[in-house]
file work-v3.cif (mmCIF, C-alpha atoms and all ligand atoms)
data_my_file
loop_
_atom_site.label_atom_id
_atom_site.label_comp_id
_atom_site.auth_asym_id
_atom_site.auth_seq_id
_atom_site.Cartn_x
_atom_site.Cartn_y
_atom_site.Cartn_z
CA MET V 548 -46.75 -57.39 15.03
CA ARG V 549 -47.79 -54.69 12.67
CA LEU V 550 -47.40 -52.08 15.40
CA ASN V 551 -43.93 -53.39 16.10
CA ARG V 552 -42.89 -53.04 12.50
CA TYR V 553 -44.35 -49.58 12.45
CA LEU V 554 -42.36 -48.66 15.56
CA VAL V 555 -39.16 -50.03 14.03
CA ALA V 556 -39.77 -47.99 10.87
CA VAL V 557 -40.34 -44.82 12.88
CA CYS V 558 -37.23 -45.47 14.94
CA ASN V 559 -35.20 -46.05 11.78
CA LEU V 560 -36.49 -42.81 10.35
CA ILE V 561 -35.56 -40.90 13.49
CA ILE V 562 -32.09 -42.44 13.47
CA ALA V 563 -31.71 -41.56 9.81
CA ILE V 564 -32.68 -37.97 10.47
CA PHE V 565 -30.13 -37.74 13.26
CA LEU V 566 -27.47 -39.29 11.09
CA ILE V 567 -28.09 -36.92 8.19
CA GLY V 568 -28.21 -33.96 10.55
CA GLY V 569 -25.01 -35.10 12.20
CA LEU V 570 -23.30 -35.50 8.85
CA ALA V 571 -24.37 -32.04 7.75
CA MET V 572 -22.97 -30.60 10.95
CA ALA V 573 -19.74 -32.51 10.51
CA GLN V 574 -19.42 -31.12 6.98
CA GLU V 575 -18.07 -27.80 8.22
CA LYS V 576 -17.45 -24.86 5.97
CA VAL V 577 -14.02 -24.44 4.44
CA VAL V 578 -12.38 -21.51 6.21
CA ILE V 579 -10.13 -19.23 4.18
CA THR V 580 -8.19 -16.68 6.20
CA VAL V 581 -7.07 -13.50 4.52
CA ALA V 582 -4.34 -11.36 6.12
CA ALA V 583 -5.22 -7.83 5.08
CA GLY V 584 -4.24 -4.22 5.65
CA ALA V 585 -6.23 -1.89 7.86
CA VAL V 586 -5.05 1.54 6.73
CA GLY V 587 -7.96 3.96 6.23
CA GLN V 588 -10.97 2.04 4.92
CA GLU V 589 -9.00 -1.04 3.87
CA LEU V 590 -10.28 -3.52 6.43
CA GLU V 591 -13.90 -2.52 6.12
CA LEU V 592 -13.82 -2.80 2.32
CA THR V 593 -12.04 -6.15 2.39
CA ARG V 594 -14.60 -7.51 4.84
CA GLU V 595 -17.42 -6.34 2.55
CA ALA V 596 -15.79 -8.19 -0.36
CA ALA V 597 -15.45 -11.31 1.79
CA GLN V 598 -19.14 -11.06 2.57
CA ARG V 599 -20.01 -10.94 -1.13
CA TYR V 600 -17.83 -13.99 -1.78
CA MET V 601 -19.55 -15.92 1.03
CA GLU V 602 -23.00 -15.04 -0.28
CA ALA V 603 -22.06 -16.60 -3.61
CA HIS V 604 -20.25 -19.54 -1.93
CA PRO V 605 -22.23 -20.60 1.16
CA ASP V 606 -19.83 -23.50 1.77
CA VAL V 607 -16.89 -21.15 2.35
CA GLU V 608 -16.18 -18.87 5.29
CA VAL V 609 -13.75 -16.06 4.51
CA ARG V 610 -12.15 -14.60 7.63
CA VAL V 611 -10.37 -11.31 7.18
CA ILE V 612 -7.77 -10.55 9.84
CA ASP V 613 -6.05 -7.21 10.15
CA THR V 614 -2.30 -6.79 10.17
CA PRO V 615 0.00 -3.94 11.33
CA ASP V 616 -0.31 -0.62 9.50
CA LEU V 617 3.43 -0.20 9.00
CA ALA V 618 4.50 -2.24 5.98
CA THR V 619 7.79 -3.10 7.69
CA ASP V 620 5.99 -4.56 10.73
CA ARG V 621 3.57 -6.43 8.48
CA TYR V 622 6.48 -7.99 6.64
CA GLY V 623 7.96 -9.16 9.94
CA LEU V 624 4.65 -10.76 10.93
CA TYR V 625 4.29 -12.55 7.59
CA LEU V 626 7.81 -13.94 7.89
CA GLN V 627 6.89 -15.52 11.21
CA PHE V 628 3.95 -17.34 9.60
CA PHE V 629 6.02 -18.41 6.61
CA GLU V 630 9.00 -19.59 8.62
CA ALA V 631 6.63 -21.71 10.73
CA ARG V 632 5.10 -23.03 7.46
CA SER V 633 1.79 -22.09 9.04
CA SER V 634 -1.46 -22.99 7.32
CA ASP V 635 -3.34 -20.48 9.51
CA ILE V 636 -3.30 -17.85 6.78
CA ASP V 637 -4.29 -18.77 3.24
CA VAL V 638 -4.25 -15.42 1.44
CA TYR V 639 -1.77 -12.64 2.13
CA GLN V 640 -2.03 -9.02 1.02
CA ILE V 641 1.54 -8.41 -0.16
CA ASP V 642 3.32 -5.18 -0.99
CA VAL V 643 4.54 -4.47 -4.55
CA ILE V 644 8.12 -4.75 -3.21
CA TRP V 645 7.71 -8.25 -1.76
CA PRO V 646 7.18 -10.73 -4.63
CA GLY V 647 10.91 -11.38 -4.98
CA ASP V 648 11.54 -11.59 -1.24
CA LEU V 649 8.55 -13.86 -0.51
CA ALA V 650 8.23 -15.92 -3.73
CA GLU V 651 9.48 -19.13 -2.14
CA HIS V 652 6.45 -19.21 0.17
CA LEU V 653 3.82 -18.41 -2.44
CA LEU V 654 1.90 -20.41 -5.02
CA ASP V 655 1.93 -19.74 -8.76
CA LEU V 656 -1.49 -18.24 -9.48
CA TYR V 657 -1.07 -19.12 -13.14
CA GLU V 658 -1.80 -22.67 -12.01
CA PHE V 659 -5.01 -21.55 -10.33
CA GLY V 660 -6.91 -19.67 -13.00
CA ALA V 661 -4.93 -16.41 -13.34
CA LYS V 662 -3.79 -17.12 -16.93
CA GLU V 663 -7.13 -16.07 -18.35
CA ILE V 664 -7.32 -12.76 -16.49
CA ALA V 665 -3.71 -11.57 -16.13
CA ASP V 666 -3.85 -9.34 -19.20
CA GLU V 667 -6.67 -7.24 -17.71
CA HIS V 668 -4.04 -5.76 -15.37
CA PHE V 669 -1.21 -3.30 -16.06
CA PRO V 670 1.55 -5.40 -17.64
CA ALA V 671 4.27 -3.76 -15.52
CA ILE V 672 2.62 -4.92 -12.31
CA ILE V 673 2.11 -8.45 -13.63
CA GLU V 674 5.79 -8.43 -14.57
CA ASN V 675 6.73 -7.17 -11.10
CA ASN V 676 4.72 -10.01 -9.54
CA THR V 677 6.19 -12.69 -11.80
CA VAL V 678 9.20 -14.45 -10.27
CA ASP V 679 10.91 -17.11 -12.39
CA GLY V 680 7.81 -17.32 -14.58
CA ARG V 681 5.49 -17.80 -11.60
CA LEU V 682 2.77 -15.25 -10.83
CA VAL V 683 3.06 -15.01 -7.05
CA GLY V 684 0.45 -12.29 -6.52
CA ILE V 685 -2.59 -11.01 -8.36
CA PRO V 686 -2.52 -7.17 -8.48
CA TRP V 687 -5.18 -5.67 -6.21
CA PHE V 688 -4.49 -1.94 -6.19
CA THR V 689 -1.61 0.23 -7.21
CA ASP V 690 -0.26 3.31 -5.43
CA ALA V 691 1.80 6.38 -6.20
CA GLY V 692 2.92 9.19 -3.92
CA LEU V 693 0.81 12.34 -4.41
CA LEU V 694 0.85 15.93 -3.20
CA TYR V 695 -2.38 16.81 -1.39
CA TYR V 696 -2.95 20.55 -1.15
CA ARG V 697 -5.58 22.86 0.29
CA THR V 698 -7.26 24.66 -2.62
CA ASP V 699 -8.98 27.15 -0.29
CA LEU V 700 -5.72 28.22 1.35
CA LEU V 701 -3.81 28.60 -1.90
CA GLU V 702 -6.61 30.83 -3.06
CA LYS V 703 -6.72 32.77 0.22
CA TYR V 704 -3.01 33.62 -0.06
CA GLY V 705 -3.10 34.09 -3.83
CA LEU V 706 -0.64 31.23 -4.45
CA GLU V 707 -0.27 28.58 -7.14
CA VAL V 708 0.32 24.85 -6.71
CA PRO V 709 4.14 24.75 -6.37
CA LYS V 710 6.00 23.00 -9.15
CA THR V 711 9.47 22.83 -7.60
CA TRP V 712 10.64 21.97 -4.09
CA ALA V 713 12.04 25.48 -3.72
CA GLU V 714 8.64 27.03 -4.50
CA PHE V 715 6.99 24.41 -2.34
CA GLU V 716 9.03 25.27 0.78
CA GLU V 717 8.20 28.93 0.29
CA VAL V 718 4.45 28.38 -0.23
CA ALA V 719 4.21 26.03 2.76
CA ARG V 720 5.99 28.58 4.94
CA ILE V 721 3.76 31.48 3.83
CA ILE V 722 0.55 29.58 4.52
CA GLN V 723 1.81 28.26 7.86
CA GLU V 724 2.84 31.73 9.02
CA GLY V 725 -0.46 33.21 7.82
CA GLU V 726 -2.63 30.64 9.55
CA ARG V 727 -0.64 30.87 12.76
CA ALA V 728 -0.87 34.66 12.74
CA GLU V 729 -4.65 34.23 12.58
CA GLY V 730 -4.51 32.19 15.76
CA ASN V 731 -4.13 28.57 14.67
CA GLU V 732 -0.97 27.71 16.58
CA ASP V 733 -1.23 24.06 15.58
CA PHE V 734 -1.11 24.69 11.86
CA TRP V 735 1.70 23.15 9.76
CA GLY V 736 2.89 23.60 6.20
CA PHE V 737 3.59 19.98 5.29
CA VAL V 738 2.95 16.51 6.71
CA TRP V 739 4.48 13.29 5.37
CA GLN V 740 5.84 9.91 6.46
CA GLY V 741 9.10 10.30 8.39
CA ASN V 742 9.06 7.33 10.76
CA ALA V 743 11.85 4.76 10.33
CA TYR V 744 9.95 2.27 8.15
CA GLU V 745 9.14 1.46 4.52
CA GLY V 746 7.05 4.62 4.14
CA LEU V 747 10.17 6.74 4.68
CA THR V 748 11.94 4.78 1.96
CA CYS V 749 9.08 5.82 -0.36
CA ASN V 750 9.17 9.51 0.65
CA ALA V 751 12.96 9.74 0.46
CA LEU V 752 13.09 8.04 -2.92
CA GLU V 753 10.78 10.78 -4.22
CA TRP V 754 12.99 13.63 -2.92
CA ILE V 755 16.13 11.98 -4.25
CA CYS V 756 14.81 10.82 -7.60
CA SER V 757 13.15 14.17 -8.33
CA ASN V 758 16.52 15.77 -7.61
CA GLY V 759 18.37 13.58 -10.12
CA GLY V 760 19.86 11.44 -7.36
CA GLY V 761 18.83 8.04 -8.72
CA THR V 762 16.96 5.16 -7.12
CA ILE V 763 19.34 3.96 -4.33
CA ILE V 764 20.39 0.96 -6.42
CA SER V 765 19.85 1.07 -10.18
CA PRO V 766 17.67 -1.57 -11.89
CA ASP V 767 20.83 -3.19 -13.25
CA GLY V 768 22.41 -3.50 -9.82
CA VAL V 769 24.71 -0.52 -9.25
CA ILE V 770 24.73 1.20 -5.85
CA THR V 771 24.18 4.86 -6.72
CA ILE V 772 22.95 6.35 -3.45
CA ASN V 773 26.07 8.27 -2.40
CA ASN V 774 25.86 11.30 -4.70
CA PRO V 775 25.56 15.07 -4.23
CA ASN V 776 21.96 15.28 -5.49
CA ALA V 777 20.83 12.63 -3.03
CA ILE V 778 22.68 14.35 -0.19
CA GLU V 779 21.08 17.66 -1.11
CA ALA V 780 17.59 16.10 -1.23
CA ILE V 781 17.90 14.55 2.22
CA GLU V 782 19.31 17.77 3.65
CA MET V 783 16.25 19.56 2.26
CA ALA V 784 13.87 17.20 4.09
CA ALA V 785 15.89 17.44 7.31
CA ARG V 786 15.40 21.22 7.10
CA TRP V 787 11.59 20.75 7.07
CA VAL V 788 11.57 18.95 10.42
CA GLY V 789 10.52 21.46 13.05
CA THR V 790 10.10 24.29 10.51
CA ILE V 791 7.31 23.60 7.98
CA SER V 792 6.69 20.11 9.41
CA PRO V 793 6.14 19.18 13.06
CA ALA V 794 9.20 17.75 14.85
CA GLY V 795 7.07 14.66 15.43
CA VAL V 796 6.97 13.96 11.68
CA THR V 797 9.98 11.68 12.23
CA GLY V 798 7.48 9.35 13.92
CA PHE V 799 4.71 9.73 11.33
CA ALA V 800 3.23 7.01 9.12
CA GLU V 801 0.42 7.42 6.56
CA GLU V 802 -2.43 7.67 9.05
CA ASP V 803 -0.63 10.22 11.27
CA ALA V 804 -0.18 12.50 8.30
CA ARG V 805 -3.75 11.97 7.15
CA SER V 806 -5.31 12.70 10.53
CA LEU V 807 -3.42 16.00 10.79
CA PHE V 808 -4.25 17.04 7.22
CA GLN V 809 -7.85 15.89 7.50
CA SER V 810 -8.33 17.84 10.72
CA GLY V 811 -7.62 20.96 8.66
CA ASN V 812 -4.26 21.69 10.28
CA ALA V 813 -1.88 21.33 7.35
CA ALA V 814 -1.51 23.04 3.98
CA PHE V 815 0.15 20.09 2.20
CA MET V 816 0.41 16.36 2.67
CA ARG V 817 2.35 13.66 0.89
CA ASN V 818 0.23 10.53 0.81
CA TRP V 819 -1.17 7.70 -1.30
CA PRO V 820 -4.50 7.83 -3.16
CA TYR V 821 -6.50 6.18 -0.34
CA ALA V 822 -6.52 9.48 1.60
CA TYR V 823 -8.60 11.14 -1.11
CA ALA V 824 -11.95 9.39 -0.52
CA LEU V 825 -11.64 9.83 3.25
CA GLY V 826 -10.78 13.52 2.92
CA GLN V 827 -13.77 14.10 0.66
CA SER V 828 -16.20 12.15 2.85
CA GLU V 829 -19.14 13.89 4.53
CA GLU V 830 -17.58 13.85 8.00
CA SER V 831 -14.35 15.45 6.81
CA VAL V 832 -13.84 19.15 7.58
CA ILE V 833 -11.68 19.54 4.46
CA ALA V 834 -14.19 18.00 2.05
CA GLY V 835 -14.27 20.11 -1.12
CA LYS V 836 -11.26 22.14 0.09
CA PHE V 837 -8.38 20.10 -1.26
CA ASP V 838 -7.08 18.48 -4.40
CA VAL V 839 -4.10 16.37 -5.46
CA ALA V 840 -1.19 17.06 -7.79
CA SER V 841 2.11 15.50 -8.71
CA LEU V 842 4.93 16.02 -6.20
CA PRO V 843 7.34 18.93 -6.84
CA ALA V 844 10.45 18.70 -9.00
CA GLY V 845 14.05 19.10 -7.96
CA ARG V 846 17.15 19.25 -10.17
CA SER V 847 15.84 16.52 -12.49
CA GLY V 848 13.14 18.94 -13.68
CA HIS V 849 10.24 16.65 -12.88
CA GLY V 850 8.54 15.30 -9.79
CA ALA V 851 8.83 11.66 -8.82
CA ALA V 852 6.16 9.44 -7.32
CA THR V 853 7.17 6.17 -5.69
CA LEU V 854 5.33 3.14 -7.00
CA GLY V 855 3.40 1.35 -4.28
CA GLY V 856 0.50 -1.03 -4.25
CA TRP V 857 -0.70 -4.37 -2.99
CA GLN V 858 -1.30 -7.83 -4.39
CA LEU V 859 -3.14 -10.89 -3.14
CA ALA V 860 -0.98 -13.98 -2.79
CA VAL V 861 -1.73 -17.55 -1.79
CA SER V 862 0.45 -19.30 0.75
CA LYS V 863 2.22 -22.49 -0.25
CA TYR V 864 1.26 -23.79 3.18
CA SER V 865 -2.51 -23.31 2.70
CA ASN V 866 -4.64 -26.42 3.19
CA ASN V 867 -7.11 -25.20 0.58
CA PRO V 868 -5.05 -23.59 -2.18
CA GLU V 869 -7.73 -23.79 -4.89
CA ILE V 870 -10.40 -22.08 -2.84
CA ALA V 871 -7.87 -19.58 -1.46
CA ALA V 872 -6.84 -18.67 -5.02
CA ASP V 873 -10.48 -18.35 -6.00
CA VAL V 874 -11.03 -15.89 -3.13
CA ALA V 875 -7.93 -13.89 -4.17
CA LEU V 876 -8.97 -13.71 -7.83
CA PHE V 877 -12.51 -12.73 -6.83
CA MET V 878 -11.27 -9.89 -4.62
CA ALA V 879 -8.98 -8.58 -7.36
CA SER V 880 -11.64 -8.87 -10.09
CA PRO V 881 -12.80 -5.81 -12.08
CA GLU V 882 -16.13 -5.68 -10.20
CA GLU V 883 -14.46 -5.68 -6.79
CA GLN V 884 -11.72 -3.24 -7.80
CA LYS V 885 -14.42 -0.90 -9.05
CA ILE V 886 -16.14 -0.90 -5.66
CA ARG V 887 -12.84 -0.19 -3.89
CA ALA V 888 -11.99 2.58 -6.35
CA ILE V 889 -15.35 4.30 -5.84
CA LYS V 890 -15.69 3.88 -2.09
CA GLY V 891 -12.05 4.08 -1.08
CA SER V 892 -10.15 5.74 -3.97
CA PHE V 893 -7.94 2.66 -4.19
CA THR V 894 -6.20 2.90 -7.55
CA PRO V 895 -7.23 0.01 -9.82
CA THR V 896 -4.79 -2.29 -11.55
CA ILE V 897 -7.44 -3.21 -14.14
CA MET V 898 -6.82 -0.97 -17.14
CA THR V 899 -10.43 -0.65 -18.35
CA LEU V 900 -11.52 0.90 -15.04
CA TYR V 901 -9.72 4.11 -16.10
CA GLU V 902 -12.43 4.53 -18.72
CA ASP V 903 -15.27 3.90 -16.31
CA PRO V 904 -17.28 7.11 -15.77
CA GLU V 905 -18.35 6.19 -12.23
CA VAL V 906 -14.76 5.50 -11.20
CA LEU V 907 -13.51 8.74 -12.76
CA GLU V 908 -16.28 10.74 -11.13
CA SER V 909 -15.52 9.45 -7.65
CA ALA V 910 -11.77 10.13 -7.96
CA PRO V 911 -11.13 12.50 -10.89
CA PHE V 912 -7.35 12.30 -10.39
CA PHE V 913 -7.43 8.73 -11.74
CA GLY V 914 -7.91 10.55 -15.05
CA THR V 915 -5.98 13.80 -14.56
CA LEU V 916 -2.96 12.16 -12.89
CA TYR V 917 -3.06 8.95 -14.92
CA ASP V 918 0.51 9.48 -16.16
CA VAL V 919 1.81 10.00 -12.63
CA LEU V 920 0.05 6.86 -11.46
CA ILE V 921 1.37 4.63 -14.21
CA ASN V 922 4.88 6.09 -14.47
CA ALA V 923 5.68 5.87 -10.80
CA VAL V 924 9.27 5.04 -9.84
CA ALA V 925 9.91 1.53 -8.55
CA ARG V 926 11.99 0.82 -5.49
CA PRO V 927 14.96 -1.49 -6.20
CA SER V 928 13.10 -4.60 -5.05
CA THR V 929 13.47 -6.83 -8.10
CA VAL V 930 17.21 -6.38 -8.47
CA THR V 931 17.91 -6.88 -4.75
CA ALA V 932 15.49 -9.78 -4.09
CA PRO V 933 15.39 -11.64 -1.78
CA ASN V 934 17.21 -8.95 0.23
CA TYR V 935 15.08 -5.92 -0.59
CA ASN V 936 13.68 -5.61 2.92
CA GLU V 937 17.21 -5.40 4.32
CA VAL V 938 18.27 -2.89 1.67
CA SER V 939 15.30 -0.70 2.49
CA THR V 940 15.89 -1.01 6.23
CA LEU V 941 19.49 0.19 5.85
CA PHE V 942 18.26 3.03 3.66
CA PHE V 943 15.44 4.31 5.86
CA ARG V 944 17.60 4.08 8.98
CA ALA V 945 20.28 6.18 7.30
CA VAL V 946 17.73 8.78 6.16
CA HIS V 947 16.05 8.80 9.55
CA SER V 948 19.38 9.46 11.27
CA VAL V 949 19.72 12.62 9.17
CA LEU V 950 16.13 13.73 9.81
CA THR V 951 16.62 13.43 13.57
CA GLY V 952 19.97 15.21 13.46
CA ALA V 953 21.95 12.16 14.65
CA LYS V 954 24.14 12.25 11.51
CA ASP V 955 24.84 14.61 8.64
CA ALA V 956 23.70 13.49 5.19
CA THR V 957 27.22 13.15 3.76
CA THR V 958 28.33 10.75 6.50
CA ALA V 959 25.03 8.83 6.51
CA LEU V 960 25.15 8.15 2.74
CA GLU V 961 28.85 7.32 2.77
CA GLU V 962 28.23 4.68 5.45
CA LEU V 963 25.06 3.45 3.73
CA GLU V 964 26.90 2.88 0.48
CA LEU V 965 29.38 0.57 2.21
CA GLU V 966 26.64 -1.28 4.10
CA LEU V 967 24.75 -1.83 0.86
CA GLN V 968 27.87 -3.11 -0.79
CA ALA V 969 28.51 -5.57 2.04
CA LEU V 970 24.93 -6.79 1.83
CA THR V 971 24.48 -7.08 -1.93
CA GLY V 972 28.00 -7.39 -3.31
CA PHE V 973 27.03 -4.87 -6.01
CA GLU V 974 29.35 -2.28 -7.50
CA ILE V 975 29.28 1.39 -6.62
CA GLY V 976 28.59 3.92 -9.38
CA GLU V 977 26.89 7.08 -10.58
CA PRO V 978 23.10 7.38 -10.93
C1 LIG V 1001 1.67 2.01 0.73
C2 LIG V 1001 2.21 1.45 -0.56
C3 LIG V 1001 3.25 0.42 -0.31
C4 LIG V 1001 4.34 1.00 0.56
C5 LIG V 1001 3.76 1.52 1.86
C6 LIG V 1001 4.80 2.21 2.69
O1 LIG V 1001 0.92 1.07 1.39
O2 LIG V 1001 1.19 0.92 -1.35
O3 LIG V 1001 3.79 -0.04 -1.53
O4 LIG V 1001 5.36 0.07 0.81
O5 LIG V 1001 2.72 2.43 1.58
O6 LIG V 1001 4.29 2.72 3.85
#

call {"tool": "encode", "arguments": {"input": "work-v3.cif", "output": "structure tokens", "more": "lines below"}}
Ligand code: GLC
result
Amino acid sequence: MRLNRYLVAVCNLIIAIFLIGGLAMAQEKVVITVAAGAVGQELELTREAAQRYMEAHPDVEVRVIDTPDLATDRYGLYLQFFEARSSDIDVYQIDVIWPGDLAEHLLDLYEFGAKEIADEHFPAIIENNTVDGRLVGIPWFTDAGLLYYRTDLLEKYGLEVPKTWAEFEEVARIIQEGERAEGNEDFWGFVWQGNAYEGLTCNALEWICSNGGGTIISPDGVITINNPNAIEAIEMAARWVGTISPAGVTGFAEEDARSLFQSGNAAFMRNWPYAYALGQSEESVIAGKFDVASLPAGRSGHGAATLGGWQLAVSKYSNNPEIAADVALFMASPEEQKIRAIKGSFTPTIMTLYEDPEVLESAPFFGTLYDVLINAVARPSTVTAPNYNEVSTLFFRAVHSVLTGAKDATTALEELELELQALTGFEIGEP
């Protein structure tokens, strides 16, 4: 009898253990999927951050998936997920130009803990990311177009960092000719982003704005693009193709320019801050041989840097919005932005990091070019939302047609002006 009872007790215990074990297995981790960029060190750094989050939250699995390098392609991919109301992606890395276009698919982070921390970030970026009072993205890093230049080559040829586009063309030509004469047939004066995508919109805005040609569409909604200074600026860039820049530059994005510059085969590069840490890394042949400056000036008398940058946004279609928002706020926190600034020269959006000695030591231009970084020129995304992507597509196609010689700048901008008017219904005016 007693043995029987004992056996029953043991059996019960075994069943209980199986039940508890089974329950634990059934209680799977919450999976949060983050759609992230993979330009330069982006993916690696985002995965490291995800790892740190998971260590602190063992019940959550953060999966970081990479997305196309070209912002325009990434936008197209995101739209597919949003239009399908897909819950597959919880957190999206969104471009500074997208809050207005994508707001309807994104949650208000003010409802998920961002109220307390929003004022740590640059107010202008918070404002950019606020659509109808809703904060649709927490700033992650900011961007501004910079001029990368080879310090060793300027010194070798006894030249200064050019301040105007006219000086710039001359300096790039002299160095290119000199290096080629010494046997490097593959050497180029200047590499930049000339492919037909959002990156070309950024480059072209810099040429035009620095030449007093406005910002395509003004912040108050006037189409200003068809003007002589803009035409002149685009003609200037078209002249670079095949002379101081490779003919293939009309197919270049950020990483194409960086790989050519980082291989030591270009005197100048237009790129974003992320290229700095990679260029200075141990494996880089140009480490210690380059620096960054503001882009040259045209008729306006000062250079212009396009404002870029990325935010973390939570999808309205996420099944776990609270945890997704927690992941986003963690990744954009001061501690995480500091790591990205030091390892990847990603420009922080947290103001106090510009006083952090370790951050300033790893990327000294965060201090020396602070004004350039925070006064960068915005693309007309707020005023044209939710049609900015279409505005930009019309613009970069028009510019690209001039760069490839398919159209002259006067015709291309005349046609663009009408297309923009048909799309937006805005008036036409002077910059
Ligand atoms: C960078 C910028 C982004 C811009 C893109 C264009 O990623 O941060 O704002 O749209 O480059 O290529």

call {"tool": "closest_residue", "arguments": {"input": "work-v3.cif", "among": "V:His652, V:Arg621, V:Lys662, V:Arg846", "to": "ligand LIG 1001 (chain V)", "atoms": "all atoms listed in the file"}}
result
V:Arg621

call {"tool": "residues_near_point", "arguments": {"input": "work-v3.cif", "point": "(12.4, 2.5, -10.6)", "cutoff": "7 Å", "atoms": "all atoms listed in the file", "output": "list in words"}}
result
Thr762, Pro766, Val924, Ala925, Arg926 and Pro927 of chain V

call {"tool": "closest_residue", "arguments": {"input": "work-v3.cif", "among": "V:Gln858, V:Ser810, V:Thr698, V:Thr790", "to": "ligand LIG 1001 (chain V)", "atoms": "only C-alpha atoms and all ligand atoms"}}
result
V:Gln858

call {"tool": "closest_residue", "arguments": {"input": "work-v3.cif", "among": "V:Glu658, V:Asp642, V:Glu964, V:Glu651", "to": "ligand LIG 1001 (chain V)", "atoms": "all atoms listed in the file"}}
result
V:Asp642

call {"tool": "atom_distance", "arguments": {"input": "work-v3.cif", "atom1": "CA of Asn774 in chain V", "atom2": "CA of Phe715 in chain V"}}
result
23.1 Å

call {"tool": "closest_residue", "arguments": {"input": "work-v3.cif", "among": "V:Ala583, V:Leu701, V:Ala713, V:Leu649", "to": "Asn758 in chain V", "atoms": "only C-alpha atoms"}}
result
V:Ala713

call {"tool": "residues_near_ligand", "arguments": {"input": "work-v3.cif", "ligand": "ligand LIG 1001 (chain V)", "cutoff": "7 Å", "atoms": "only C-alpha atoms and all ligand atoms", "output": "mmCIF file with C-alpha atoms, keeping the file's coordinate frame"}}
result
data_model
loop_
_atom_site.group_PDB
_atom_site.id
_atom_site.type_symbol
_atom_site.label_atom_id
_atom_site.label_comp_id
_atom_site.auth_asym_id
_atom_site.auth_seq_id
_atom_site.Cartn_x
_atom_site.Cartn_y
_atom_site.Cartn_z
ATOM 1 C CA LEU V 617 3.430 -0.200 9.000
ATOM 2 C CA ALA V 618 4.500 -2.240 5.980
ATOM 3 C CA ASP V 642 3.320 -5.180 -0.990
ATOM 4 C CA VAL V 643 4.540 -4.470 -4.550
ATOM 5 C CA ILE V 644 8.120 -4.750 -3.210
ATOM 6 C CA THR V 689 -1.610 0.230 -7.210
ATOM 7 C CA ASP V 690 -0.260 3.310 -5.430
ATOM 8 C CA GLU V 745 9.140 1.460 4.520
ATOM 9 C CA GLY V 746 7.050 4.620 4.140
ATOM 10 C CA CYS V 749 9.080 5.820 -0.360
ATOM 11 C CA ALA V 800 3.230 7.010 9.120
ATOM 12 C CA GLU V 801 0.420 7.420 6.560
ATOM 13 C CA TRP V 819 -1.170 7.700 -1.300
ATOM 14 C CA LEU V 854 5.330 3.140 -7.000
ATOM 15 C CA GLY V 855 3.400 1.350 -4.280
ATOM 16 C CA GLY V 856 0.500 -1.030 -4.250
ATOM 17 C CA TRP V 857 -0.700 -4.370 -2.990
#

call {"tool": "closest_residue", "arguments": {"input": "work-v3.cif", "among": "V:Ala671, V:Arg697, V:Thr711, V:Ile764", "to": "Val832 in chain V", "atoms": "all atoms listed in the file"}}
result
V:Arg697

call {"tool": "closest_atom_pairs", "arguments": {"input": "work-v3.cif", "of": "range 592-706 of chain V", "to": "range 730-737 of chain V", "cutoff": "10 Å", "atoms": "all atoms listed in the file", "output": "tab-separated table"}}
result
residue	atom	partner	partner_atom	distance
V:Leu694	CA	V:Phe737	CA	9.8
V:Tyr695	CA	V:Phe737	CA	9.5
V:Tyr696	CA	V:Phe737	CA	9.2

call {"tool": "closest_residue", "arguments": {"input": "work-v3.cif", "among": "V:Pro775, V:Gly952, V:Gly798, V:Gly848", "to": "Gln740 in chain V", "atoms": "all atoms listed in the file"}}
result
V:Gly798

call {"tool": "residues_near_point", "arguments": {"input": "work-v3.cif", "point": "(0.4, 16.4, 0.0)", "cutoff": "12 Å", "atoms": "only C-alpha atoms", "output": "ChimeraX atom specification"}}
result
/V:691-698,708-709,715,719,735-740,750,792,801,804-805,807-809,813-820,822-823,826,837-843,852

call {"tool": "atom_distance", "arguments": {"input": "work-v3.cif", "atom1": "CA of Glu883 in chain V", "atom2": "CA of Asp679 in chain V"}}
result
28.4 Å

call {"tool": "residues_around", "arguments": {"input": "work-v3.cif", "residues": "range 603-614 of chain V", "least_positions_apart": "2", "cutoff": "9 Å", "atoms": "only C-alpha atoms", "output": "PyMOL selection string"}}
result
chain V and resi 575-585+590+593-594+597-601+616-617+620-621+624+870+874

call {"tool": "residues_around", "arguments": {"input": "work-v3.cif", "residues": "Leu900 in chain V", "least_positions_apart": "3", "cutoff": "8 Å", "atoms": "only C-alpha atoms", "output": "PyMOL selection string"}}
result
chain V and resi 881+885+895+897+903+906

call {"tool": "atom_distance", "arguments": {"input": "work-v3.cif", "atom1": "CA of Ile772 in chain V", "atom2": "CA of Leu960 in chain V"}}
result
6.8 Å
